Amino acid sequence: MNTASLSPNVSASPALSAWPKRGAVERVSNLSRAEFEARFITSFNGEGRPVILTDAMDHWACARKWSLDYFRREFGHLLVVRCWCRNSRKKPYFAVGYELELAAYIDYCRHGDLRRPPLQAKMVGDAPLEPDSPSLYWYENLARPEFRPLLDDFDVELGFVDNLQSRLTGEWRKLVFYFPFANLFIGGAGANVALHQDYWSTHTLIAHLEGRKHAMLFAPHEGGHLFNQEKEPIDPRKPDPAQFPTFAEATLYECILEPGETLFMPPNWLHDVVSLDATLSLGMNFFTTHNFGEYFSNLLCYPLQIHQILSNHPVLSKAVRDASGKSAS
Ligand SMILES: O=C(O)CCC(=O)C(=O)O
Ligand SMILES: [Fe+2]
């Protein structure tokens, strides 16, 4: 049971009645690729719809193996994590961050007083955690060398959709994890990622493994109702009509994600997710033939970053060095 004290302002609040227009997030299983594509990717003028897959990760080892206990045991003293309070709704934005061992962080998420920073944590941000802030949250890309064994516990091959990354072979197939495509999320009750769209028009999966998460989702075309003049996003659990006068015109898609379930979102869906308990999830971003064009044109804007990722890669860096040697001669 989760016994951590939750900051009172970040519960999945009853302000949900403020949203008169509602759409359903369906739960589906065992869909063919054609049916999935027609219902959730190309539907509704190409915006698609978010959906919960109840069987998407059944064949992944992580579904049976990963838990907060597992991470505490296997990586607890190995990893130092930086957890943040991403209160990015307000500008100017101060990063509130702390550094501590993963075991201590997991204990804090489960049993700590989440209104205060973890005991003995080193402050690494610009400002301390305030009692009325969202809870601290740790999420990190799987590029850390310690995470390499975890890459065998799930796959880029997705039964319900043609993830183009799965056409890659060998080390290249793992390379995708060195781009910001796969992230671990561990948080306590109240850990929140404020309303946002994911980058580069990718599709998003949240493979959820422990605890519960409350997600509030809006179609891409609703953006105009949900950001104020300073481009700050609404807090959909406490909508402020003075700042967002037309917010109630947006249709809310809302769900509670349970362990073993996977939330799929098509490109550019706006989402605000809050943990209701101590939680563990794996996030994945990917592309299919439907979003490859948008994805690729975004990618082309970052040639230096791509070169850097390849140059730092433990295996592929040699291929990069060999190739630059050849082109120089
Ligand atoms: O799981 C969460 O708390 C947020 C995840 C998210 O925003 C994402 O995976 O894109
Ligand atoms: Fe996201």
# chains A, B, ... in the order shown; residues from 1 in each chain; ligands from 1
>>> residues_near_ligand(ligand="ligand 1", cutoff="6 Å", atoms="only C-alpha atoms and all ligand atoms", output="PDB file with N, CA and C atoms, in the first residue's frame")
ATOM      1  N   ASN A 192       3.739  14.560 -11.550  1.00  0.00           N
ATOM      2  CA  ASN A 192       2.911  15.082 -12.641  1.00  0.00           C
ATOM      3  C   ASN A 192       3.775  15.584 -13.788  1.00  0.00           C
ATOM      4  N   VAL A 193       3.352  15.253 -14.997  1.00  0.00           N
ATOM      5  CA  VAL A 193       3.917  15.919 -16.164  1.00  0.00           C
ATOM      6  C   VAL A 193       2.813  16.827 -16.687  1.00  0.00           C
ATOM      7  N   ASP A 198       4.089  15.355 -27.140  1.00  0.00           N
ATOM      8  CA  ASP A 198       5.414  14.747 -27.249  1.00  0.00           C
ATOM      9  C   ASP A 198       6.120  15.288 -28.490  1.00  0.00           C
ATOM     10  N   ILE A 206       2.573   4.448 -23.185  1.00  0.00           N
ATOM     11  CA  ILE A 206       2.963   4.398 -21.765  1.00  0.00           C
ATOM     12  C   ILE A 206       2.625   2.988 -21.287  1.00  0.00           C
ATOM     13  N   VAL A 273      -0.560  13.931 -17.036  1.00  0.00           N
ATOM     14  CA  VAL A 273      -0.671  12.653 -16.328  1.00  0.00           C
ATOM     15  C   VAL A 273      -0.238  12.868 -14.884  1.00  0.00           C
ATOM     16  N   VAL A 274      -0.992  12.321 -13.942  1.00  0.00           N
ATOM     17  CA  VAL A 274      -0.593  12.423 -12.538  1.00  0.00           C
ATOM     18  C   VAL A 274      -0.611  11.021 -11.916  1.00  0.00           C
ATOM     19  N   GLY A 283       7.959   4.515 -20.907  1.00  0.00           N
ATOM     20  CA  GLY A 283       7.388   5.322 -21.995  1.00  0.00           C
ATOM     21  C   GLY A 283       8.161   5.040 -23.271  1.00  0.00           C
TER      22      GLY A 283
END
>>> residues_near_ligand(ligand="ligand 2", cutoff="7 Å", atoms="only C-alpha atoms and all ligand atoms", output="MDAnalysis selection string")
chainID A and resid 196:198 271
>>> write_last_selection(atoms="C-alpha atoms", output="PDB file, in the first residue's frame")
ATOM      1  CA  HIS A 196       2.219  18.878 -23.290  1.00  0.00           C
ATOM      2  CA  GLN A 197       2.619  17.232 -26.689  1.00  0.00           C
ATOM      3  CA  ASP A 198       5.414  14.747 -27.249  1.00  0.00           C
ATOM      4  CA  HIS A 271      -1.637  14.950 -22.207  1.00  0.00           C
TER       5      HIS A 271
END
>>> atom_distance(atom1="atom CA of Lys122 of chain A", atom2="atom CA of Leu100 of chain A")
6.7 Å
>>> residues_around(residues="segment 28-42 of chain A", least_positions_apart="6", cutoff="12 Å", atoms="only C-alpha atoms", output="VMD selection string")
chain A and resid 48 to 58 158 to 163 202 to 204 261 to 269 287 to 291
>>> residues_around(residues="Pro145 of chain A", least_positions_apart="6", cutoff="12 Å", atoms="only C-alpha atoms", output="list in words")
Phe75, Leu78, Leu79, Leu151, Phe177, Tyr178, Asn312, His313, Pro314 and Val315 of chain A
>>> write_last_selection(atoms="N, CA and C atoms", output="PDB file, in the first residue's frame")
ATOM      1  N   PHE A  75      19.006  -2.058  -8.839  1.00  0.00           N
ATOM      2  CA  PHE A  75      19.664  -0.802  -9.207  1.00  0.00           C
ATOM      3  C   PHE A  75      19.712   0.198  -8.055  1.00  0.00           C
ATOM      4  N   LEU A  78      23.109   1.359  -7.153  1.00  0.00           N
ATOM      5  CA  LEU A  78      23.920   1.599  -8.332  1.00  0.00           C
ATOM      6  C   LEU A  78      23.632   2.978  -8.914  1.00  0.00           C
ATOM      7  N   LEU A  79      22.376   3.286  -8.895  1.00  0.00           N
ATOM      8  CA  LEU A  79      21.961   4.487  -9.623  1.00  0.00           C
ATOM      9  C   LEU A  79      21.748   5.667  -8.707  1.00  0.00           C
ATOM     10  N   LEU A 151      17.172  -3.540 -21.789  1.00  0.00           N
ATOM     11  CA  LEU A 151      16.726  -3.434 -23.178  1.00  0.00           C
ATOM     12  C   LEU A 151      16.253  -4.779 -23.735  1.00  0.00           C
ATOM     13  N   PHE A 177      17.176   3.228 -28.656  1.00  0.00           N
ATOM     14  CA  PHE A 177      17.016   3.568 -27.241  1.00  0.00           C
ATOM     15  C   PHE A 177      17.962   4.687 -26.811  1.00  0.00           C
ATOM     16  N   TYR A 178      18.920   4.992 -27.679  1.00  0.00           N
ATOM     17  CA  TYR A 178      19.852   6.067 -27.336  1.00  0.00           C
ATOM     18  C   TYR A 178      19.329   7.424 -27.798  1.00  0.00           C
ATOM     19  N   ASN A 312      28.939   8.803 -29.093  1.00  0.00           N
ATOM     20  CA  ASN A 312      29.030   8.328 -27.705  1.00  0.00           C
ATOM     21  C   ASN A 312      28.560   6.890 -27.547  1.00  0.00           C
ATOM     22  N   HIS A 313      28.038   6.311 -28.629  1.00  0.00           N
ATOM     23  CA  HIS A 313      27.465   4.979 -28.495  1.00  0.00           C
ATOM     24  C   HIS A 313      28.582   3.949 -28.305  1.00  0.00           C
ATOM     25  N   PRO A 314      28.408   3.011 -27.349  1.00  0.00           N
ATOM     26  CA  PRO A 314      29.504   2.087 -27.042  1.00  0.00           C
ATOM     27  C   PRO A 314      29.955   1.228 -28.213  1.00  0.00           C
ATOM     28  N   VAL A 315      29.083   0.878 -29.133  1.00  0.00           N
ATOM     29  CA  VAL A 315      29.473   0.005 -30.248  1.00  0.00           C
ATOM     30  C   VAL A 315      29.522   0.788 -31.562  1.00  0.00           C
TER      31      VAL A 315
END
>>> residues_around(residues="Ala248 of chain A", least_positions_apart="6", cutoff="10 Å", atoms="only C-alpha atoms", output="list in words")
Ala18, Trp19, Pro20, Lys21, His225, Leu226, Pro239 and Pro241 of chain A
>>> closest_atom_pairs(of="segment 58-173 of chain A", to="segment 179-190 of chain A", cutoff="8 Å", atoms="only C-alpha atoms", output="JSON lines")
{"residue": "A:Ile106", "atom": "CA", "partner": "A:Ile186", "partner_atom": "CA", "distance": 7.7}
{"residue": "A:Tyr108", "atom": "CA", "partner": "A:Gly188", "partner_atom": "CA", "distance": 7.6}
{"residue": "A:Cys109", "atom": "CA", "partner": "A:Gly188", "partner_atom": "CA", "distance": 4.0}
{"residue": "A:Arg110", "atom": "CA", "partner": "A:Gly188", "partner_atom": "CA", "distance": 6.3}
{"residue": "A:Leu114", "atom": "CA", "partner": "A:Gly188", "partner_atom": "CA", "distance": 7.4}
{"residue": "A:Pro134", "atom": "CA", "partner": "A:Gly190", "partner_atom": "CA", "distance": 5.8}
{"residue": "A:Ser135", "atom": "CA", "partner": "A:Gly190", "partner_atom": "CA", "distance": 5.1}
{"residue": "A:Leu136", "atom": "CA", "partner": "A:Gly187", "partner_atom": "CA", "distance": 6.9}
{"residue": "A:Tyr137", "atom": "CA", "partner": "A:Gly187", "partner_atom": "CA", "distance": 4.9}
{"residue": "A:Trp138", "atom": "CA", "partner": "A:Ile186", "partner_atom": "CA", "distance": 5.5}
{"residue": "A:Tyr139", "atom": "CA", "partner": "A:Phe185", "partner_atom": "CA", "distance": 4.3}
{"residue": "A:Glu140", "atom": "CA", "partner": "A:Asn183", "partner_atom": "CA", "distance": 5.2}
{"residue": "A:Asn141", "atom": "CA", "partner": "A:Asn183", "partner_atom": "CA", "distance": 4.2}
{"residue": "A:Leu142", "atom": "CA", "partner": "A:Asn183", "partner_atom": "CA", "distance": 5.7}
{"residue": "A:Ala143", "atom": "CA", "partner": "A:Phe179", "partner_atom": "CA", "distance": 7.8}
>>> atom_distance(atom1="atom CA of His214 of chain A", atom2="atom CA of Ala103 of chain A")
24.8 Å
>>> closest_residue(among="A:Ser17, A:Pro117, A:Glu146, A:Asp277", to="His77 of chain A", atoms="only C-alpha atoms")
A:Glu146
>>> select_by_dssp(residues="segment 188-323 of chain A", states="helix (DSSP H, G or I)", output="ChimeraX atom specification")
/A:199-201,220-226,247-249,292-299,303-312,316-323
>>> select_by_dssp(residues="segment 105-273 of chain A", states="strand (DSSP E)", output="PyMOL selection string")
chain A and resi 122-123+137-141+182-187+192-196+203-210+213-218+252-257+262-265+270-273
>>> decode(residues="segment 281-311 of chain A", atoms="C-alpha atoms", output="PDB file, in the first residue's frame")
ATOM      1  CA  SER A 281       6.095   2.986 -16.219  1.00  0.00           C
ATOM      2  CA  LEU A 282       8.045   2.608 -19.412  1.00  0.00           C
ATOM      3  CA  GLY A 283       7.388   5.322 -21.995  1.00  0.00           C
ATOM      4  CA  MET A 284       8.132   4.711 -25.677  1.00  0.00           C
ATOM      5  CA  ASN A 285       7.923   7.062 -28.648  1.00  0.00           C
ATOM      6  CA  PHE A 286       7.877   5.667 -32.164  1.00  0.00           C
ATOM      7  CA  PHE A 287       6.863   6.227 -35.760  1.00  0.00           C
ATOM      8  CA  THR A 288       4.966   4.363 -38.443  1.00  0.00           C
ATOM      9  CA  THR A 289       4.419   5.204 -42.105  1.00  0.00           C
ATOM     10  CA  HIS A 290       1.717   7.631 -40.901  1.00  0.00           C
ATOM     11  CA  ASN A 291       3.994  10.001 -38.998  1.00  0.00           C
ATOM     12  CA  PHE A 292       7.378   9.241 -40.528  1.00  0.00           C
ATOM     13  CA  GLY A 293       7.391  12.356 -42.752  1.00  0.00           C
ATOM     14  CA  GLU A 294       6.765  14.741 -39.845  1.00  0.00           C
ATOM     15  CA  TYR A 295       9.132  12.812 -37.611  1.00  0.00           C
ATOM     16  CA  PHE A 296      11.946  12.818 -40.177  1.00  0.00           C
ATOM     17  CA  SER A 297      11.680  16.520 -40.986  1.00  0.00           C
ATOM     18  CA  ASN A 298      11.977  17.247 -37.259  1.00  0.00           C
ATOM     19  CA  LEU A 299      14.954  14.920 -36.945  1.00  0.00           C
ATOM     20  CA  LEU A 300      16.797  16.729 -39.746  1.00  0.00           C
ATOM     21  CA  CYS A 301      16.877  19.835 -37.546  1.00  0.00           C
ATOM     22  CA  TYR A 302      19.297  18.130 -35.116  1.00  0.00           C
ATOM     23  CA  PRO A 303      22.325  16.841 -37.127  1.00  0.00           C
ATOM     24  CA  LEU A 304      24.863  17.718 -34.418  1.00  0.00           C
ATOM     25  CA  GLN A 305      22.906  15.979 -31.671  1.00  0.00           C
ATOM     26  CA  ILE A 306      22.575  12.869 -33.851  1.00  0.00           C
ATOM     27  CA  HIS A 307      26.297  12.862 -34.535  1.00  0.00           C
ATOM     28  CA  GLN A 308      26.941  13.215 -30.790  1.00  0.00           C
ATOM     29  CA  ILE A 309      24.626  10.315 -29.895  1.00  0.00           C
ATOM     30  CA  LEU A 310      26.333   8.083 -32.467  1.00  0.00           C
ATOM     31  CA  SER A 311      29.811   9.159 -31.350  1.00  0.00           C
TER      32      SER A 311
END
